>>> print(open('upload22.txt').read())   # compact mmCIF, C-alpha atoms
# COMPACT_ATOMS: atom_id res chain seq x y z
CA MET A 1 54.52 123.04 -15.35
CA LYS A 2 56.39 124.36 -12.31
CA LYS A 3 59.85 122.95 -11.81
CA LYS A 4 60.47 121.03 -8.60
CA GLN A 5 62.65 123.02 -6.21
CA PHE A 6 65.26 120.94 -4.37
CA PHE A 7 67.35 122.26 -1.46
CA VAL A 8 70.54 120.40 -0.43
CA ASP A 9 72.39 121.09 2.81
CA CYS A 10 76.04 120.91 1.71
CA HIS A 11 77.70 122.21 4.89
CA VAL A 12 79.95 119.11 4.93
CA PHE A 13 81.90 120.66 2.05
CA ASP A 14 83.02 123.41 4.44
CA GLY A 15 85.21 120.92 6.34
CA ASN A 16 87.49 117.97 5.64
CA SER A 17 86.44 115.42 3.05
CA GLN A 18 84.50 112.48 4.49
CA GLY A 19 81.97 109.86 3.48
CA THR A 20 79.09 112.34 3.35
CA THR A 21 80.96 114.66 0.98
CA THR A 22 81.69 111.72 -1.32
CA TYR A 23 78.02 110.73 -1.18
CA LEU A 24 76.67 114.20 -1.96
CA LYS A 25 79.24 114.85 -4.66
CA GLY A 26 78.62 111.60 -6.50
CA LEU A 27 74.84 111.66 -6.15
CA TYR A 28 74.22 115.29 -7.06
CA GLN A 29 76.72 115.45 -9.91
CA GLU A 30 74.34 112.96 -11.54
CA LEU A 31 71.04 114.44 -10.33
CA ILE A 32 71.76 117.98 -11.55
CA LYS A 33 71.86 116.63 -15.11
CA ASP A 34 68.04 116.63 -14.92
CA ARG A 35 67.20 120.14 -16.13
CA ASN A 36 63.55 119.71 -15.09
CA ILE A 37 64.51 120.23 -11.44
CA ASN A 38 66.12 123.27 -9.84
CA TYR A 39 68.78 122.51 -7.26
CA PHE A 40 69.72 124.91 -4.46
CA LEU A 41 73.05 123.89 -2.92
CA ALA A 42 73.85 125.58 0.38
CA ALA A 43 77.11 125.97 2.30
CA TYR A 44 79.27 128.64 3.90
CA ASP A 45 82.05 128.27 1.30
CA ILE A 46 80.04 128.38 -1.91
CA GLU A 47 83.18 128.93 -4.02
CA ASN A 48 84.27 125.43 -3.06
CA LEU A 49 80.82 124.11 -3.99
CA LYS A 50 81.06 125.77 -7.39
CA GLU A 51 84.36 124.01 -8.02
CA VAL A 52 82.77 120.67 -7.18
CA PHE A 53 79.47 120.99 -9.05
CA GLY A 54 80.18 123.63 -11.72
CA THR A 55 77.89 126.14 -13.41
CA HIS A 56 74.48 124.99 -14.66
CA ASP A 57 71.28 126.85 -15.45
CA ASN A 58 69.33 124.75 -12.92
CA VAL A 59 71.85 124.98 -10.04
CA TYR A 60 71.84 127.84 -7.53
CA TYR A 61 74.36 128.36 -4.74
CA LEU A 62 73.14 129.68 -1.39
CA LYS A 63 75.52 130.98 1.26
CA TYR A 64 75.08 130.33 4.98
CA SER A 65 75.85 133.31 7.18
CA SER A 66 77.92 131.20 9.58
CA LYS A 67 79.60 127.81 9.95
CA ASN A 68 77.90 127.43 13.31
CA LYS A 69 75.52 124.44 13.14
CA PHE A 70 72.94 126.02 15.43
CA ILE A 71 72.70 129.17 13.32
CA ARG A 72 72.55 127.02 10.17
CA LEU A 73 69.79 124.70 11.42
CA LEU A 74 67.70 127.20 13.40
CA PHE A 75 67.89 130.29 11.20
CA ASN A 76 69.70 129.99 7.84
CA ILE A 77 68.00 126.90 6.45
CA PRO A 78 64.36 127.74 7.31
CA LYS A 79 64.84 131.21 5.85
CA LEU A 80 66.44 129.95 2.62
CA ILE A 81 63.74 127.30 2.17
CA THR A 82 61.00 129.93 2.49
CA GLN A 83 62.74 132.47 0.23
CA ASN A 84 63.20 129.96 -2.58
CA ASN A 85 59.85 128.12 -2.37
CA ILE A 86 61.55 124.78 -1.81
CA ASP A 87 59.57 121.56 -2.30
CA TYR A 88 62.11 119.07 -0.90
CA ALA A 89 65.13 119.57 1.37
CA HIS A 90 67.83 116.91 1.72
CA PHE A 91 69.95 116.59 4.88
CA GLN A 92 72.65 114.29 6.19
CA TYR A 93 71.86 112.76 9.59
CA VAL A 94 70.18 115.81 11.21
CA ILE A 95 67.25 117.97 10.09
CA PRO A 96 66.27 121.45 11.34
CA PRO A 97 63.62 121.54 14.10
CA ILE A 98 61.46 123.92 12.03
CA LYS A 99 59.86 122.14 9.08
CA LYS A 100 59.20 124.28 6.03
CA CYS A 101 58.80 121.68 3.26
CA LYS A 102 59.14 117.94 2.73
CA TYR A 103 62.30 116.66 4.40
CA ILE A 104 64.63 113.90 3.23
CA VAL A 105 67.34 112.68 5.58
CA THR A 106 70.18 110.28 4.80
CA ILE A 107 71.37 108.47 7.92
CA HIS A 108 74.47 106.65 6.74
CA ASP A 109 74.82 104.47 9.83
CA VAL A 110 74.04 104.12 13.53
CA LEU A 111 77.27 102.36 14.43
CA PHE A 112 77.50 104.26 17.70
CA LEU A 113 74.48 102.27 18.92
CA ASP A 114 75.82 98.88 17.85
CA PHE A 115 79.47 99.51 18.76
CA PRO A 116 79.36 101.97 21.68
CA GLN A 117 82.91 101.09 22.74
CA TYR A 118 84.28 103.10 19.80
CA PHE A 119 82.38 106.33 20.51
CA PRO A 120 82.42 108.85 23.38
CA PHE A 121 79.41 108.81 25.70
CA LEU A 122 78.23 112.35 24.90
CA TYR A 123 78.52 111.65 21.17
CA ARG A 124 76.28 108.59 21.59
CA LEU A 125 73.75 110.43 23.73
CA LYS A 126 73.49 113.48 21.48
CA ASN A 127 73.33 111.63 18.17
CA ASN A 128 70.84 109.05 19.36
CA LEU A 129 68.42 111.89 20.14
CA LEU A 130 69.13 113.89 16.98
CA PHE A 131 69.17 110.99 14.51
CA LYS A 132 66.02 109.45 15.97
CA TYR A 133 64.18 112.78 15.85
CA SER A 134 65.31 113.31 12.25
CA ALA A 135 64.22 109.83 11.20
CA LYS A 136 60.81 110.23 12.83
CA LYS A 137 60.08 113.70 11.43
CA SER A 138 61.37 113.30 7.87
CA ASP A 139 59.10 112.40 4.98
CA ILE A 140 61.75 110.14 3.44
CA VAL A 141 64.55 108.34 5.28
CA LEU A 142 67.49 107.07 3.24
CA THR A 143 70.58 105.05 4.01
CA VAL A 144 73.44 103.48 2.04
CA SER A 145 73.35 99.72 2.70
CA GLN A 146 71.07 96.85 3.68
CA TYR A 147 72.98 96.55 6.95
CA SER A 148 72.34 100.19 7.88
CA LYS A 149 68.68 99.95 6.83
CA GLU A 150 68.07 97.05 9.19
CA ARG A 151 69.87 98.70 12.11
CA ILE A 152 68.13 102.08 11.67
CA GLU A 153 64.69 100.50 11.45
CA MET A 154 65.38 98.40 14.54
CA HIS A 155 66.88 101.11 16.74
CA PHE A 156 64.43 103.88 15.81
CA ASN A 157 61.35 101.68 15.41
CA ILE A 158 60.54 102.91 11.91
CA ASN A 159 59.73 101.22 8.61
CA ASP A 160 60.40 101.77 4.94
CA VAL A 161 63.94 103.16 5.07
CA LYS A 162 65.14 103.33 1.46
CA ILE A 163 68.61 102.36 0.23
CA ILE A 164 70.55 104.72 -2.03
CA PRO A 165 73.98 103.06 -2.07
CA ASN A 166 77.31 104.77 -2.23
CA ALA A 167 79.20 104.33 -5.47
CA VAL A 168 82.59 104.85 -7.06
CA ASP A 169 83.74 107.97 -8.87
CA LEU A 170 84.19 107.22 -12.57
CA LYS A 171 87.81 108.39 -12.32
CA TYR A 172 88.71 105.14 -10.57
CA PHE A 173 87.42 103.09 -13.51
CA GLU A 174 89.62 104.84 -16.06
CA LYS A 175 92.42 102.85 -17.65
CA TYR A 176 95.91 104.01 -16.69
CA ASN A 177 99.57 103.16 -17.06
CA LYS A 178 100.83 101.60 -13.85
CA GLU A 179 104.44 102.63 -14.40
CA ASN A 180 103.40 106.25 -14.93
CA GLU A 181 101.35 106.25 -11.73
CA VAL A 182 104.22 104.73 -9.75
CA GLN A 183 106.54 107.45 -11.07
CA ILE A 184 104.09 110.25 -10.20
CA VAL A 185 103.77 109.03 -6.60
CA LYS A 186 107.50 108.44 -6.30
CA GLU A 187 108.28 112.00 -7.40
CA LYS A 188 105.62 113.70 -5.27
CA PHE A 189 105.59 111.55 -2.11
CA ASN A 190 108.86 109.58 -2.33
CA LEU A 191 106.85 106.35 -2.12
CA GLU A 192 106.78 103.10 -4.05
CA ASN A 193 105.98 99.44 -3.40
CA TYR A 194 103.52 100.01 -0.54
CA PHE A 195 100.42 98.71 1.20
CA LEU A 196 97.69 101.36 1.43
CA LEU A 197 94.93 102.07 3.93
CA VAL A 198 92.59 104.98 3.18
CA SER A 199 90.65 105.91 6.30
CA ARG A 200 90.37 108.62 8.90
CA TRP A 201 92.05 107.89 12.23
CA GLU A 202 89.88 106.36 14.94
CA PRO A 203 89.97 103.01 16.81
CA ARG A 204 87.00 101.58 14.89
CA LYS A 205 88.99 101.78 11.66
CA ASN A 206 91.46 99.21 13.04
CA HIS A 207 94.77 100.59 11.81
CA LEU A 208 96.41 98.67 14.65
CA THR A 209 95.69 95.17 13.35
CA LEU A 210 97.12 96.12 9.97
CA LEU A 211 100.22 97.64 11.58
CA LYS A 212 100.80 94.55 13.74
CA THR A 213 100.38 92.25 10.75
CA PHE A 214 102.72 94.38 8.67
CA VAL A 215 105.41 94.41 11.38
CA GLU A 216 105.17 90.93 12.87
CA ASN A 217 105.18 89.18 9.50
CA GLY A 218 108.17 91.13 8.22
CA TYR A 219 106.41 92.94 5.37
CA TYR A 220 108.35 96.08 6.31
CA LYS A 221 111.48 94.46 4.87
CA LYS A 222 110.05 94.72 1.36
CA TYR A 223 107.13 97.17 1.49
CA LYS A 224 106.11 100.46 3.01
CA LEU A 225 102.80 100.90 4.83
CA VAL A 226 100.96 104.08 3.88
CA PHE A 227 98.03 105.49 5.85
CA VAL A 228 95.97 108.20 4.14
CA GLY A 229 93.42 110.00 6.31
CA ASP A 230 92.83 112.82 8.75
CA ASP A 231 92.60 112.61 12.54
CA ALA A 232 89.18 111.97 14.08
CA ILE A 233 89.28 110.17 17.45
CA GLU A 234 92.45 109.60 19.48
CA TYR A 235 93.89 106.12 18.90
CA LYS A 236 95.92 105.37 22.04
CA ARG A 237 96.49 101.64 21.45
CA TYR A 238 97.92 102.30 18.00
CA ASN A 239 100.16 105.06 19.33
CA ASN A 240 101.44 102.87 22.18
CA TYR A 241 102.36 100.07 19.76
CA TYR A 242 103.92 102.37 17.17
CA ASN A 243 106.01 104.35 19.67
CA VAL A 244 108.10 101.34 20.78
CA LEU A 245 108.91 100.11 17.26
CA GLU A 246 112.49 100.11 16.04
CA ASN A 247 113.47 103.06 13.85
CA GLU A 248 114.09 100.81 10.85
CA VAL A 249 110.43 99.74 11.05
CA LYS A 250 109.07 103.23 11.66
CA GLU A 251 110.87 104.41 8.53
CA GLN A 252 108.62 102.10 6.51
CA ILE A 253 105.39 103.55 7.93
CA VAL A 254 104.03 106.75 6.41
CA SER A 255 100.98 108.82 7.38
CA LEU A 256 99.56 111.33 4.89
CA LYS A 257 96.86 113.86 5.79
CA LYS A 258 94.89 116.49 3.88
CA ILE A 259 95.19 114.58 0.61
CA GLY A 260 93.10 115.90 -2.27
CA PHE A 261 91.06 113.79 -4.64
CA HIS A 262 93.48 113.68 -7.58
CA ASP A 263 96.46 112.82 -5.37
CA LEU A 264 94.38 110.09 -3.73
CA VAL A 265 93.63 108.54 -7.12
CA HIS A 266 97.35 108.45 -7.89
CA LEU A 267 98.13 106.92 -4.49
CA VAL A 268 95.55 104.19 -5.01
CA ARG A 269 96.71 103.39 -8.54
CA ALA A 270 100.39 103.23 -7.57
CA SER A 271 99.85 100.97 -4.56
CA THR A 272 100.82 97.31 -4.42
CA LEU A 273 97.94 96.32 -2.17
CA SER A 274 94.91 98.03 -0.60
CA VAL A 275 93.77 96.96 2.88
CA TYR A 276 90.55 97.93 4.65
CA PRO A 277 90.50 96.37 8.14
CA SER A 278 87.63 98.33 9.75
CA PHE A 279 85.63 96.65 12.50
CA ALA A 280 82.38 98.36 11.52
CA GLU A 281 81.08 100.42 8.60
CA GLY A 282 77.75 101.67 7.36
CA PHE A 283 79.15 101.12 3.86
CA GLY A 284 82.91 101.33 3.14
CA ILE A 285 83.95 103.02 -0.13
CA PRO A 286 87.79 102.60 -0.21
CA PRO A 287 87.81 98.86 -1.06
CA LEU A 288 85.47 99.59 -3.96
CA GLU A 289 87.72 102.38 -5.23
CA SER A 290 90.84 100.22 -5.12
CA SER A 291 89.04 97.28 -6.75
CA ALA A 292 87.75 99.62 -9.47
CA SER A 293 91.39 100.65 -10.02
CA SER A 294 92.47 97.01 -10.48
CA ILE A 295 94.47 97.02 -7.23
CA PRO A 296 94.63 93.79 -5.17
CA THR A 297 92.32 94.43 -2.22
CA VAL A 298 91.65 92.79 1.12
CA CYS A 299 88.68 93.89 3.18
CA SER A 300 87.01 93.22 6.52
CA ASN A 301 84.05 90.84 6.37
CA THR A 302 81.90 92.53 9.05
CA THR A 303 78.79 94.77 9.04
CA ALA A 304 78.03 96.40 5.67
CA MET A 305 81.28 95.13 4.16
CA SER A 306 79.98 91.57 4.26
CA ASP A 307 77.94 92.56 1.16
CA PHE A 308 81.13 92.90 -0.89
CA LYS A 309 80.93 89.32 -2.13
CA PHE A 310 83.04 90.13 -5.19
CA ILE A 311 86.14 90.38 -2.97
CA GLY A 312 85.77 86.64 -2.41
CA LYS A 313 88.68 84.91 -0.68
CA CYS A 314 90.20 88.28 0.23
CA LEU A 315 87.56 89.08 2.86
CA PHE A 316 88.96 88.58 6.37
CA ASP A 317 88.11 88.64 10.06
CA PRO A 318 89.30 92.07 11.30
CA SER A 319 89.95 90.71 14.79
CA SER A 320 92.47 88.17 13.48
CA SER A 321 95.97 89.20 12.44
CA ASP A 322 96.58 85.65 11.23
CA ASP A 323 93.57 85.77 8.91
CA LEU A 324 94.64 89.16 7.59
CA ASN A 325 98.14 87.83 6.92
CA LEU A 326 96.71 84.87 5.01
CA LYS A 327 94.46 87.09 2.90
CA ILE A 328 97.33 89.47 2.13
CA LYS A 329 99.29 86.54 0.70
CA ILE A 330 96.28 85.48 -1.38
CA ALA A 331 95.66 89.03 -2.64
CA LEU A 332 99.27 89.52 -3.71
CA GLN A 333 98.79 86.55 -6.06
CA ASP A 334 95.24 87.50 -7.12
CA ASN A 335 94.47 86.70 -10.77
CA LEU A 336 90.82 87.84 -10.59
CA ILE A 337 91.51 91.56 -10.34
CA GLU A 338 89.86 92.52 -13.65
CA GLU A 339 86.83 90.36 -12.92
CA LYS A 340 86.39 92.13 -9.58
CA ARG A 341 86.76 95.51 -11.26
CA SER A 342 83.99 94.55 -13.67
CA GLN A 343 81.66 93.55 -10.83
CA VAL A 344 82.19 96.88 -9.08
CA HIS A 345 81.52 98.72 -12.34
CA SER A 346 78.23 96.89 -12.90
CA LYS A 347 76.83 97.60 -9.43
CA TYR A 348 78.39 100.66 -7.79
CA LYS A 349 77.85 103.61 -10.14
CA TRP A 350 76.40 106.97 -9.23
CA ASP A 351 74.02 107.07 -12.18
CA LEU A 352 72.33 103.96 -10.76
CA SER A 353 72.09 105.55 -7.32
CA ALA A 354 70.69 108.76 -8.83
CA LYS A 355 68.07 106.79 -10.74
CA SER A 356 66.93 105.11 -7.52
CA PHE A 357 66.83 108.50 -5.75
CA LYS A 358 64.59 110.01 -8.43
CA GLU A 359 62.22 107.05 -8.28
CA ILE A 360 61.77 107.61 -4.53
CA THR A 361 61.33 111.39 -4.65
>>> encode(input="upload22.txt", output="structure tokens")
Amino acid sequence: MKKKQFFVDCHVFDGNSQGTTTYLKGLYQELIKDRNINYFLAAYDIENLKEVFGTHDNVYYLKYSSKNKFIRLLFNIPKLITQNNIDYAHFQYVIPPIKKCKYIVTIHDVLFLDFPQYFPFLYRLKNNLLFKYSAKKSDIVLTVSQYSKERIEMHFNINDVKIIPNAVDLKYFEKYNKENEVQIVKEKFNLENYFLLVSRWEPRKNHLTLLKTFVENGYYKKYKLVFVGDDAIEYKRYNNYYNVLENEVKEQIVSLKKIGFHDLVHLVRASTLSVYPSFAEGFGIPPLESSASSIPTVCSNTTAMSDFKFIGKCLFDPSSSDDLNLKIKIALQDNLIEEKRSQVHSKYKWDLSAKSFKEIT
């Protein structure tokens, strides 16, 4: 019996880590365990891909000739699909205009349609056309949450979008010594006793409400505030507020960029509190990762994050600094941390997501 041939567009691994890289890494590290399917993983930097996915007799690495998205979509991908007799090809958000096999597209969210104030006009115009075309032309449309499923089906007038949820890397579930983790972070980053927000920088992510709450309630007198994430969209309101702060307050606020996976795990484990104040998400992995690591966690209660019922009393209204302050106080006294960790472990694992993916395809 002929093995199924599966092509995966992994160009996102050529840039900075983001939600789509986490999704593809977690999902395909599980899927490639099925030796009855051949997987063809394609990117420009295939050495990086090999480090992520390793060497397996059913995994083949294909190199794009350019990082340019037009060359990739118009020329590289159709050619590679034909050369390797591909049965299914999996894309994130956007498919090539030339269809050479069955197409699967994962559209993680359409937040730019529901929250246009957070996205540039040209971004909204371009992606509305591309995402809608991809959803209409693909054989299988996937997303990561019930919230995103409902919004995609409504905006693009399609049915039967399937949910393959994000999950948590098993590393976050491992037991660890808190004192050791604190020491590691102290030696490498000169940090201890801090609140943590893991998120790229853009207004939708709502760093400003956390900063205001941290400053105006005097948390800076005891804790540091650590932001981990790369720049995405200019955040003028945050910058305006931060720039007029006193130096003694600014000294307690730290921004880290280009942080690798293993350092991120240490930063999460060594934190005192994890906060995720985003206004809108198609999913939202960081509060799951911190909860899996037994870290007190407070999280926004909007959009897809409203599904995180296990966070309980530590869900908050991201538009309210007062509510965030209240939930921070509750979280710092949280005695249900291990129960929450257990709930994350039972629901958000990549082997469960991979099983659902195989049932659909």
>>> atom_distance(input="upload22.txt", atom1="CA of Asn335 (chain A)", atom2="CA of Leu352 (chain A)")
28.1 Å
>>> atom_distance(input="upload22.txt", atom1="CA of Asn166 (chain A)", atom2="CA of Cys299 (chain A)")
16.6 Å
>>> atom_distance(input="upload22.txt", atom1="CA of Asp317 (chain A)", atom2="CA of Thr303 (chain A)")
11.2 Å
>>> residues_near_point(input="upload22.txt", point="(85.5, 92.8, 7.9)", cutoff="7 Å", atoms="all atoms listed in the file", output="list in words")
Pro277, Ser278, Phe279, Cys299, Ser300, Asn301, Thr302, Met305, Ser306, Leu315, Phe316, Asp317 and Pro318 of chain A
>>> closest_residue(input="upload22.txt", among="A:Lys340, A:Lys221, A:Lys329, A:Arg269", to="Ile311 (chain A)", atoms="only C-alpha atoms")
A:Lys340
>>> residues_around(input="upload22.txt", residues="Asp87 (chain A)", least_positions_apart="3", cutoff="8 Å", atoms="only C-alpha atoms", output="list of chain:residue names")
A:Lys4, A:Gln5, A:Phe6, A:Phe7, A:Cys101, A:Lys102
>>> closest_residue(input="upload22.txt", among="A:Leu245, A:Leu267, A:Ala292, A:Leu129", to="Ser346 (chain A)", atoms="only C-alpha atoms")
A:Ala292
>>> residues_around(input="upload22.txt", residues="Tyr118 (chain A)", least_positions_apart="4", cutoff="10 Å", atoms="all atoms listed in the file", output="list in words")
Leu111, Phe112, Leu113, Asp114, Arg124, Glu202, Pro203, Arg204, Lys205, Ile233, Phe279 and Ala280 of chain A
>>> closest_residue(input="upload22.txt", among="A:Gln146, A:Phe261, A:Thr82, A:Val94", to="Thr21 (chain A)", atoms="only C-alpha atoms")
A:Phe261
>>> closest_residue(input="upload22.txt", among="A:Ile81, A:Leu326, A:Cys314, A:Leu24", to="Phe357 (chain A)", atoms="all atoms listed in the file")
A:Leu24
>>> residues_around(input="upload22.txt", residues="Lys137 (chain A)", least_positions_apart="2", cutoff="12 Å", atoms="only C-alpha atoms", output="list of chain:residue names")
A:Tyr93, A:Val94, A:Ile95, A:Pro96, A:Pro97, A:Ile98, A:Lys99, A:Lys100, A:Cys101, A:Lys102, A:Tyr103, A:Ile104, A:Val105, A:Leu130, A:Phe131, A:Lys132, A:Tyr133, A:Ser134, A:Ala135, A:Asp139, A:Ile140, A:Val141, A:Phe156, A:Ile158
>>> closest_residue(input="upload22.txt", among="A:Lys162, A:Phe53, A:Tyr172, A:Ser320", to="Ile360 (chain A)", atoms="all atoms listed in the file")
A:Lys162
>>> closest_residue(input="upload22.txt", among="A:Phe70, A:Tyr23, A:Phe173, A:Phe310", to="Ile285 (chain A)", atoms="only C-alpha atoms")
A:Tyr23
>>> residues_around(input="upload22.txt", residues="Leu256 (chain A)", least_positions_apart="3", cutoff="9 Å", atoms="all atoms listed in the file", output="number ranges by chain")
A: 226-230, 259
>>> residues_around(input="upload22.txt", residues="Tyr194 (chain A)", least_positions_apart="3", cutoff="7 Å", atoms="all atoms listed in the file", output="PyMOL selection string")
chain A and resi 223-226+271-273
>>> residues_near_point(input="upload22.txt", point="(74.1, 106.8, 8.7)", cutoff="6 Å", atoms="all atoms listed in the file", output="PDB file with C-alpha atoms, in the frame of the given file")
ATOM      1  CA  ILE A 107      71.370 108.470   7.920  1.00  0.00           C
ATOM      2  CA  HIS A 108      74.470 106.650   6.740  1.00  0.00           C
ATOM      3  CA  ASP A 109      74.820 104.470   9.830  1.00  0.00           C
ATOM      4  CA  VAL A 110      74.040 104.120  13.530  1.00  0.00           C
TER       5      VAL A 110
END
>>> axis_aligned_box(input="upload22.txt", around="region 164-182 of chain A", padding_each_side="3 Å", output="JSON")
{"center_x": 87.5, "center_y": 105.0, "center_z": -9.8, "size_x": 39.9, "size_y": 12.8, "size_z": 21.6}
>>> build_atoms(input="upload22.txt", residues="region 115-126 of chain A", atoms="N, CA and C atoms", output="mmCIF file, in the coordinates of the input")
data_model
loop_
_atom_site.group_PDB
_atom_site.id
_atom_site.type_symbol
_atom_site.label_atom_id
_atom_site.label_comp_id
_atom_site.auth_asym_id
_atom_site.auth_seq_id
_atom_site.Cartn_x
_atom_site.Cartn_y
_atom_site.Cartn_z
ATOM 1 N N PHE A 115 78.082 99.640 18.320
ATOM 2 C CA PHE A 115 79.470 99.510 18.760
ATOM 3 C C PHE A 115 79.828 100.687 19.670
ATOM 4 N N PRO A 116 79.169 100.795 20.812
ATOM 5 C CA PRO A 116 79.360 101.970 21.680
ATOM 6 C C PRO A 116 80.786 102.125 22.194
ATOM 7 N N GLN A 117 81.544 101.020 22.212
ATOM 8 C CA GLN A 117 82.910 101.090 22.740
ATOM 9 C C GLN A 117 83.823 101.984 21.911
ATOM 10 N N TYR A 118 83.436 102.287 20.684
ATOM 11 C CA TYR A 118 84.280 103.100 19.800
ATOM 12 C C TYR A 118 83.897 104.583 19.792
ATOM 13 N N PHE A 119 82.886 104.969 20.579
ATOM 14 C CA PHE A 119 82.380 106.330 20.510
ATOM 15 C C PHE A 119 82.237 106.922 21.911
ATOM 16 N N PRO A 120 82.580 108.204 22.080
ATOM 17 C CA PRO A 120 82.420 108.850 23.380
ATOM 18 C C PRO A 120 80.959 108.875 23.831
ATOM 19 N N PHE A 121 80.761 108.879 25.140
ATOM 20 C CA PHE A 121 79.410 108.810 25.700
ATOM 21 C C PHE A 121 78.534 109.963 25.230
ATOM 22 N N LEU A 122 79.039 111.190 25.286
ATOM 23 C CA LEU A 122 78.230 112.350 24.900
ATOM 24 C C LEU A 122 77.880 112.315 23.417
ATOM 25 N N TYR A 123 78.797 111.810 22.599
ATOM 26 C CA TYR A 123 78.520 111.650 21.170
ATOM 27 C C TYR A 123 77.339 110.696 20.976
ATOM 28 N N ARG A 124 77.350 109.581 21.708
ATOM 29 C CA ARG A 124 76.280 108.590 21.590
ATOM 30 C C ARG A 124 74.947 109.168 22.049
ATOM 31 N N LEU A 125 74.975 109.864 23.175
ATOM 32 C CA LEU A 125 73.750 110.430 23.730
ATOM 33 C C LEU A 125 73.138 111.459 22.799
ATOM 34 N N LYS A 126 73.968 112.396 22.350
ATOM 35 C CA LYS A 126 73.490 113.480 21.480
ATOM 36 C C LYS A 126 72.954 112.948 20.160
#
